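Down below is the structure, laid out as structure tokens.
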Amino acid sequence: MTFFDVVTRGLKRRPIRTGLTLLGISVGIAAVVALIGLSRGLVTSWTAGMKERGTEIVVHNMRGSLTPKPFPASTRDRIAHLPGVAATCMILVDLMSIEKAELMIVSGREWDCFAWDNLKLVSGRMPKDQKERAVVLGTTAADILKKKVGDTVQIETKELSVVGIVNGGAFVENGSVILSLPVLQQITGDHDQISAIDVRVTPGTDQAGIQRLCAEMNKAIPEARAEPAGEHIASSEGYRVINAMSWGTSLLAVLVGVLGVTNTMLMSVFERKQEIAILLALGWRPRRVVRMILWESAMLGFLGGIMGVLLGIIGVQLLKRAPALRGMLEPDLRLDLMLTAIAIAMFVGVLSGLYPAWRSSRVAPSLALHG
């Protein structure tokens, strides 16, 4: 019998208890994968949407919140002339309940600016001008609302015609209801207010040049903040709170797994005292017994991690189809997150096995003489 056989035999001794322990670990790891994948997906989804629009700098007012707060449209006049600014586009974005959809992204865009260029018509047409009371729907938004060209959609108390279905090239764009800025301002009552300014820089500007331009903008507009397009969501206080809550909830679930593994390994040591004593009497050194227990607990962690990753992926697929999240973000389930989750599970396994392993090394070889 090899060392590995001895390790696996200990886990197979009580299959129900081992299975329940694996379930406890896997639930904690599934929470890590699902919650962190969703919070990271928020950043990647919105960043991809801005990349599709060709936005390189975002001027916003997201301090202390996840959604931007409106600020005066006249702010644009103080930055549009700065050297290095190639084009600007004023945008008013809100998360609103649209008919039966609990939350949808509604994006009012300055007429004839570059934020319309990435929208490729699937059917219908674009609004005729900035005054037409019409919307175009991203492909996902059209599916959620069950609308086609010629239908109407109610925003607040106003009914607008659906004149086109578009593919925006990114998940967030396809989940949006898009209309002209003046029409949305009139509907919401945010006259002369915007929530963001998308900025394109002069071609050839490097990242250092973008950072310098952001610093110049921040001096000119204290009521808002300019940041590179890939950073403004991740740096907001609202996102940091969501990310912290996701990790906090996940680690609490992992803690339950720690207690489960510790309990399982302690029970295993108590039940196998005579077996461990025989191994010691046959010449095993205490550190080899410790290594055996740690290998058992590490294997529990590894198997629980694999199960947890699979459960997390399934859970995320179900969550992203929930009405409150559908069309809002695409979960970010990259390989590094899954490997991190499995590494956490193995660390949990080893950590949980330290005390039981120490207890096993204290077993007296003389117990082998007892029947």
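Residues in the structure tokens are numbered from 1 in each chain, the chains being A, B, ... in the order shown, and ligands are numbered from 1 in the order shown.
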
*Would you mind listing what lies within 7 Å of stretch 182-186 of chain A as an NGL selection string, with only C-alpha atoms counted and same-chain residues fewer than 4 positions away left out?*
:A and (108 or 130-131 or 133 or 190-191)

Please save C-alpha atoms of the selected residues as a compact mmCIF listing (two decimals), in the first residue's frame.
# COMPACT_ATOMS: atom_id res chain seq x y z
CA GLY A 108 -29.31 59.60 -24.10
CA GLN A 130 -32.45 64.94 -32.19
CA LYS A 131 -36.06 66.00 -31.70
CA ARG A 133 -39.37 60.99 -29.99
CA ASP A 190 -32.77 66.89 -16.29
CA HIS A 191 -32.69 69.94 -18.55

*9 Å contact set for A:Ile313, only C-alpha atoms, chain neighbours under 2 positions out, as a list of chain:residue names*: A:Ala30, A:Val33, A:Ala34, A:Gly308, A:Val309, A:Leu310, A:Leu311, A:Gly315, A:Val316, A:Gln317, A:Leu318, A:Leu333

Residue subset to file, keeping N, CA, C and O atoms, as a CSV table (one decimal), in the first residue's frame:
chain,number,residue,atom,x,y,z
A,30,ALA,N,-17.8,28.4,-4.6
A,30,ALA,CA,-18.8,28.9,-5.6
A,30,ALA,C,-19.2,30.3,-5.4
A,30,ALA,O,-19.4,31.1,-6.4
A,33,VAL,N,-16.4,32.5,-6.8
A,33,VAL,CA,-16.4,32.5,-8.3
A,33,VAL,C,-17.6,33.4,-8.8
A,33,VAL,O,-17.4,34.3,-9.6
A,34,ALA,N,-18.7,33.2,-8.2
A,34,ALA,CA,-19.9,33.9,-8.7
A,34,ALA,C,-19.9,35.4,-8.3
A,34,ALA,O,-20.1,36.2,-9.2
A,308,GLY,N,-16.5,23.5,-6.5
A,308,GLY,CA,-17.0,24.9,-6.3
A,308,GLY,C,-16.9,25.8,-7.5
A,308,GLY,O,-17.8,26.6,-7.8
A,309,VAL,N,-15.8,25.6,-8.3
A,309,VAL,CA,-15.7,26.3,-9.5
A,309,VAL,C,-16.8,26.0,-10.5
A,309,VAL,O,-17.5,26.8,-11.1
A,310,LEU,N,-17.1,24.7,-10.6
A,310,LEU,CA,-18.2,24.2,-11.5
A,310,LEU,C,-19.6,24.8,-11.0
A,310,LEU,O,-20.4,25.3,-11.8
A,311,LEU,N,-19.8,24.7,-9.7
A,311,LEU,CA,-21.1,25.3,-9.1
A,311,LEU,C,-21.1,26.8,-9.4
A,311,LEU,O,-22.2,27.3,-9.7
A,315,GLY,N,-23.9,28.8,-11.3
A,315,GLY,CA,-24.7,29.8,-10.6
A,315,GLY,C,-24.6,31.2,-11.3
A,315,GLY,O,-25.6,31.9,-11.4
A,316,VAL,N,-23.5,31.5,-11.9
A,316,VAL,CA,-23.3,32.8,-12.6
A,316,VAL,C,-24.2,32.7,-13.9
A,316,VAL,O,-24.9,33.7,-14.2
A,317,GLN,N,-24.2,31.6,-14.6
A,317,GLN,CA,-25.1,31.5,-15.8
A,317,GLN,C,-26.6,31.7,-15.4
A,317,GLN,O,-27.3,32.3,-16.2
A,318,LEU,N,-27.0,31.2,-14.3
A,318,LEU,CA,-28.4,31.4,-13.8
A,318,LEU,C,-28.6,32.9,-13.4
A,318,LEU,O,-29.6,33.5,-13.7
A,333,LEU,N,-15.3,35.5,-16.0
A,333,LEU,CA,-14.9,34.2,-15.4
A,333,LEU,C,-13.6,33.8,-16.1
A,333,LEU,O,-13.5,32.7,-16.7

*Show which residues sit within 8 Å of A:Asp151, as number ranges by chain. Count only C-alpha atoms, and ignore same-chain residues fewer than 4 positions away.*
A: 147, 161-162

Using N, CA and C atoms, can you write the selected residues to a file as a compact mmCIF listing (two decimals), in the first residue's frame?
# COMPACT_ATOMS: atom_id res chain seq x y z
N LYS A 147 -39.67 43.67 -28.07
CA LYS A 147 -40.07 44.74 -28.99
C LYS A 147 -39.43 44.54 -30.35
N SER A 161 -41.47 55.70 -30.06
CA SER A 161 -41.48 54.69 -31.12
C SER A 161 -40.13 53.99 -31.18
N VAL A 162 -40.19 52.69 -31.39
CA VAL A 162 -38.96 51.92 -31.65
C VAL A 162 -38.72 51.96 -33.16

*Check the smallest atom-to-atom distance from each of A:Leu145, A:Met346, A:Val58, A:Leu354 to A:Glu227 using only C-alpha atoms, then report the winner.*
A:Val58

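Counting only C-alpha atoms and comparing A:Gly209, A:Gly301, A:Pro68, A:Gly283, the residue that lies closest to A:Gly28 is A:Gly301.
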